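Everything below belongs to start_13.csv, which stores CSV, C-alpha atoms.
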```
chain,number,residue,atom,x,y,z
D,1,VAL,CA,-8.8,-11.2,2.6
D,2,LEU,CA,-9.6,-11.0,-1.1
D,3,THR,CA,-13.1,-12.3,-0.5
D,4,VAL,CA,-13.8,-9.5,2.0
D,5,LEU,CA,-12.6,-6.7,-0.3
D,6,ASN,CA,-14.9,-5.9,-3.1
D,7,THR,CA,-12.9,-6.5,-6.3
D,8,LEU,CA,-14.6,-3.6,-8.1
D,9,SER,CA,-14.1,-0.9,-5.6
D,10,HIS,CA,-10.8,-2.0,-4.0
D,11,GLY,CA,-9.0,-3.4,-7.0
D,12,ILE,CA,-5.7,-1.6,-6.2
D,13,ALA,CA,-5.7,-2.9,-2.7
D,14,ILE,CA,-6.2,-6.4,-4.0
D,15,ALA,CA,-3.5,-6.0,-6.6
D,16,SER,CA,-1.1,-4.7,-3.9
D,17,LEU,CA,-1.7,-7.7,-1.7
D,18,GLY,CA,-1.3,-10.0,-4.7
D,19,ALA,CA,2.1,-8.5,-5.5
D,20,SER,CA,3.0,-8.8,-1.8
D,21,SER,CA,2.2,-12.5,-1.9
D,22,PHE,CA,4.7,-12.9,-4.7
D,23,ILE,CA,7.4,-11.1,-2.7
D,24,ALA,CA,6.6,-13.1,0.4
D,25,PHE,CA,6.6,-16.5,-1.1
D,26,ALA,CA,8.9,-16.3,-4.1
D,27,MET,CA,11.5,-14.1,-2.3
D,28,PRO,CA,11.1,-15.1,1.4
D,29,TYR,CA,14.7,-14.2,2.3
D,30,GLN,CA,14.9,-10.8,0.6
D,31,ARG,CA,14.8,-7.5,2.5
D,32,SER,CA,11.4,-6.5,1.0
D,33,SER,CA,10.0,-9.6,2.6
D,34,THR,CA,10.8,-8.7,6.2
D,35,ALA,CA,8.2,-7.6,8.7
D,36,ARG,CA,9.6,-4.1,8.7
D,37,ALA,CA,9.2,-3.9,4.9
D,38,MET,CA,5.8,-5.6,4.5
D,39,ILE,CA,4.0,-4.3,7.6
D,40,GLY,CA,5.9,-1.0,7.9
D,41,GLY,CA,5.7,-0.4,4.1
D,42,TYR,CA,1.9,-0.9,4.1
D,43,THR,CA,1.5,1.3,7.1
D,44,ILE,CA,3.4,4.1,5.3
D,45,GLY,CA,1.4,3.5,2.1
D,46,ILE,CA,-1.9,3.7,4.0
D,47,MET,CA,-0.9,6.8,5.8
D,48,THR,CA,0.4,8.7,2.8
D,49,GLY,CA,-2.5,7.6,0.6
D,50,THR,CA,-5.1,8.5,3.2
D,51,VAL,CA,-3.5,11.9,3.9
D,52,CYS,CA,-3.2,12.8,0.2
D,53,TYR,CA,-6.8,11.6,-0.5
D,54,LEU,CA,-8.1,13.8,2.4
D,55,VAL,CA,-6.1,16.8,1.2
D,56,SER,CA,-7.3,16.3,-2.4
D,57,MET,CA,-10.9,16.5,-1.2
D,58,LEU,CA,-10.5,19.8,0.6
D,59,PRO,CA,-12.7,22.6,-1.0
D,60,GLU,CA,-9.6,24.8,-1.3
D,61,VAL,CA,-8.1,22.3,-3.7
D,62,SER,CA,-11.0,22.5,-6.0
D,63,SER,CA,-10.5,26.2,-6.4
D,64,VAL,CA,-7.1,25.8,-7.9
D,65,PRO,CA,-7.6,25.7,-11.7
D,66,TYR,CA,-5.2,22.9,-12.6
D,67,LEU,CA,-6.1,20.8,-9.6
D,68,GLU,CA,-9.8,21.0,-10.2
D,69,ALA,CA,-9.6,18.6,-13.1
D,70,ASN,CA,-6.4,16.7,-12.2
D,71,ARG,CA,-6.5,16.3,-8.5
D,72,HIS,CA,-6.3,12.5,-8.5
D,73,GLU,CA,-3.2,12.5,-10.7
D,74,VAL,CA,-1.4,15.2,-8.8
D,75,PHE,CA,-2.1,13.9,-5.3
D,76,GLY,CA,-1.6,10.3,-6.5
D,77,ALA,CA,1.9,11.3,-7.6
D,78,ILE,CA,2.5,13.1,-4.3
D,79,ALA,CA,1.3,10.0,-2.3
D,80,VAL,CA,3.6,7.6,-4.2
D,81,GLY,CA,6.6,10.0,-3.9
D,82,MET,CA,6.0,10.5,-0.2
D,83,ALA,CA,5.6,6.8,0.4
D,84,ILE,CA,8.8,6.0,-1.5
D,85,PHE,CA,10.7,8.7,0.4
D,86,LEU,CA,9.4,7.5,3.8
D,87,MET,CA,10.0,3.8,3.0
D,88,VAL,CA,13.6,4.6,2.0
D,89,ILE,CA,14.5,6.6,5.1
D,90,THR,CA,12.9,4.0,7.4
D,91,GLN,CA,14.4,1.1,5.5
D,92,SER,CA,10.9,-0.4,5.0
D,93,GLY,CA,10.8,-0.5,1.2
D,94,HIS,CA,7.9,-2.6,-0.1
D,95,PRO,CA,6.9,-1.6,-3.7
D,96,PRO,CA,3.3,-2.8,-3.6
D,97,ALA,CA,2.7,-0.5,-0.6
D,98,ALA,CA,3.6,2.5,-2.8
D,99,GLY,CA,0.9,1.3,-5.3
D,100,LEU,CA,-1.5,1.1,-2.4
D,101,ALA,CA,-0.9,4.8,-1.6
D,102,LEU,CA,-1.9,5.6,-5.2
D,103,GLY,CA,-5.0,3.4,-5.0
D,104,PHE,CA,-6.1,5.2,-1.9
D,105,VAL,CA,-5.9,8.5,-3.6
D,106,THR,CA,-7.7,7.4,-6.8
D,107,ASN,CA,-10.4,5.1,-5.2
D,108,GLY,CA,-10.8,6.8,-1.8
D,109,ALA,CA,-9.7,5.7,1.6
D,110,ASP,CA,-12.1,4.4,4.2
D,111,ILE,CA,-11.5,2.8,7.6
D,112,HIS,CA,-13.0,-0.6,6.4
D,113,THR,CA,-10.4,-0.9,3.6
D,114,VAL,CA,-7.5,0.2,5.9
D,115,ILE,CA,-8.4,-2.4,8.5
D,116,ILE,CA,-8.8,-5.2,5.9
D,117,VAL,CA,-5.5,-4.4,4.2
D,118,GLU,CA,-3.6,-4.1,7.5
D,119,VAL,CA,-5.0,-7.4,8.7
D,120,GLY,CA,-4.3,-8.9,5.3
D,121,ILE,CA,-0.7,-8.0,5.2
D,122,VAL,CA,-0.1,-9.1,8.8
D,123,ALA,CA,-1.8,-12.5,8.0
D,124,LEU,CA,0.3,-12.8,4.8
D,125,TYR,CA,3.5,-12.1,6.8
D,126,ALA,CA,2.5,-14.6,9.5
D,127,LEU,CA,1.8,-17.3,7.0
D,128,LYS,CA,5.1,-16.6,5.3
D,129,THR,CA,6.9,-16.9,8.7
D,130,LEU,CA,5.2,-20.2,9.4
D,131,LEU,CA,6.1,-21.6,6.0
D,132,LYS,CA,9.6,-20.0,5.8
D,133,PRO,CA,11.5,-23.2,6.7
D,134,ALA,CA,10.0,-24.9,3.7
D,135,LEU,CA,10.4,-21.9,1.3
D,136,ILE,CA,13.3,-21.2,-1.0
D,137,ASP,CA,14.2,-18.0,-2.7
D,138,LEU,CA,13.1,-18.4,-6.3
D,139,THR,CA,14.8,-15.2,-7.6
```
Let me see whether you can do it: turn the structure in this file into structure tokens.
Amino acid sequence: VLTVLNTLSHGIAIASLGASSFIAFAMPYQRSSTARAMIGGYTIGIMTGTVCYLVSMLPEVSSVPYLEANRHEVFGAIAVGMAIFLMVITQSGHPPAAGLALGFVTNGADIHTVIIVEVGIVALYALKTLLKPALIDLT
């Protein structure tokens, strides 16, 4: 997965998957390591990051004086807040996925990255599930 994503243009997606790897393999029995948290959390992070990115690119946003110069910061904060809220109410909390929402706002969201990240987190969860009998909780 990391080979497919360009490290320069998708650094936050790579960092998020790296953090998820730690959660999956160092804390395999924790709530944040379940399918609901890992796959559901990433789905929420992708959705909120993509929506906030698209809204931040609207011409109407550029006409607002403060947002013109600070759109990434404002919509990045909104994306993270929305991701956290949605993960909490759906009981799918996975902290790296909130970081991914921020990354999508600051670096842009494209379908290629969405597909690679979703496939990556599903593959990571599948590998964790296969290895789970041999894994211990290191925390």
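In this structure, atom CA of Ala101 of chain D sits 21.8 Å away from atom CA of Glu60 of chain D.
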**OP:** Compile the contact shell of Val122 of chain D as a ChimeraX atom specification: residues with an atom at most 9 Å away, counting only C-alpha atoms, same-chain residues fewer than 6 positions apart removed.
**Re:** /D:35,38-39
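Proximity to Val61 of chain D was assessed for D:Thr113, D:Gly120, D:Val74, D:Gly49 counting only C-alpha atoms; the smallest distance is recorded for D:Val74.
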Subject >> Residues within 10 Å of Tyr29 of chain D, all atoms listed in the file, excluding chain neighbours under 5 positions, as a VMD selection string >> reply: chain D and resid 23 to 24 34 132 135 to 139
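Minimum distance to Leu124 of chain D across D:Gly11, D:Pro28, D:Gly76, D:Gly45 (counting all atoms listed in the file) occurs at D:Pro28.
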Subject >> Nearest to Phe85 of chain D by atom-to-atom distance, counting all atoms listed in the file, from D:Thr106, D:Tyr125, D:Gly41, D:Val114 >> reply: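 Of D:Thr106, D:Tyr125, D:Gly41, D:Val114, the one nearest Phe85 of chain D is D:Gly41, counting all atoms listed in the file.
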Subject >> Long-range neighbours of Glu73 of chain D as a list of chain:residue names, 9 Å cut-off, all atoms listed in the file, 3 positions minimum in chain >> reply: D:Leu67, D:Asn70, D:Gly76, D:Ala77, D:Ile78, D:Leu102, D:Val105, D:Thr106
Kindly compute an axis-aligned box around the listed atoms of segment 54-63 of chain D, allowing 6 Å on each side, and express its centre and edge lengths in Å to one decimal as AutoDock Vina command-line options.
```
--center_x -9.4 --center_y 20.0 --center_z -2.0 --size_x 18.6 --size_y 24.4 --size_z 20.8
```
**OP:** Show which residues sit within 10 Å of Tyr42 of chain D, as a PyMOL selection string. Count all atoms listed in the file, and ignore same-chain residues fewer than 4 positions away.
**Re:** chain D and resi 16-17+20+36-38+46-48+83+87+92-101+114+117-118+121-122
**OP:** Figure out the distance between atom CA of Ala19 of chain D and atom CA of Ile84 of chain D, please, to one decimal in Å.
**Re:**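 The value is 16.5 Å.
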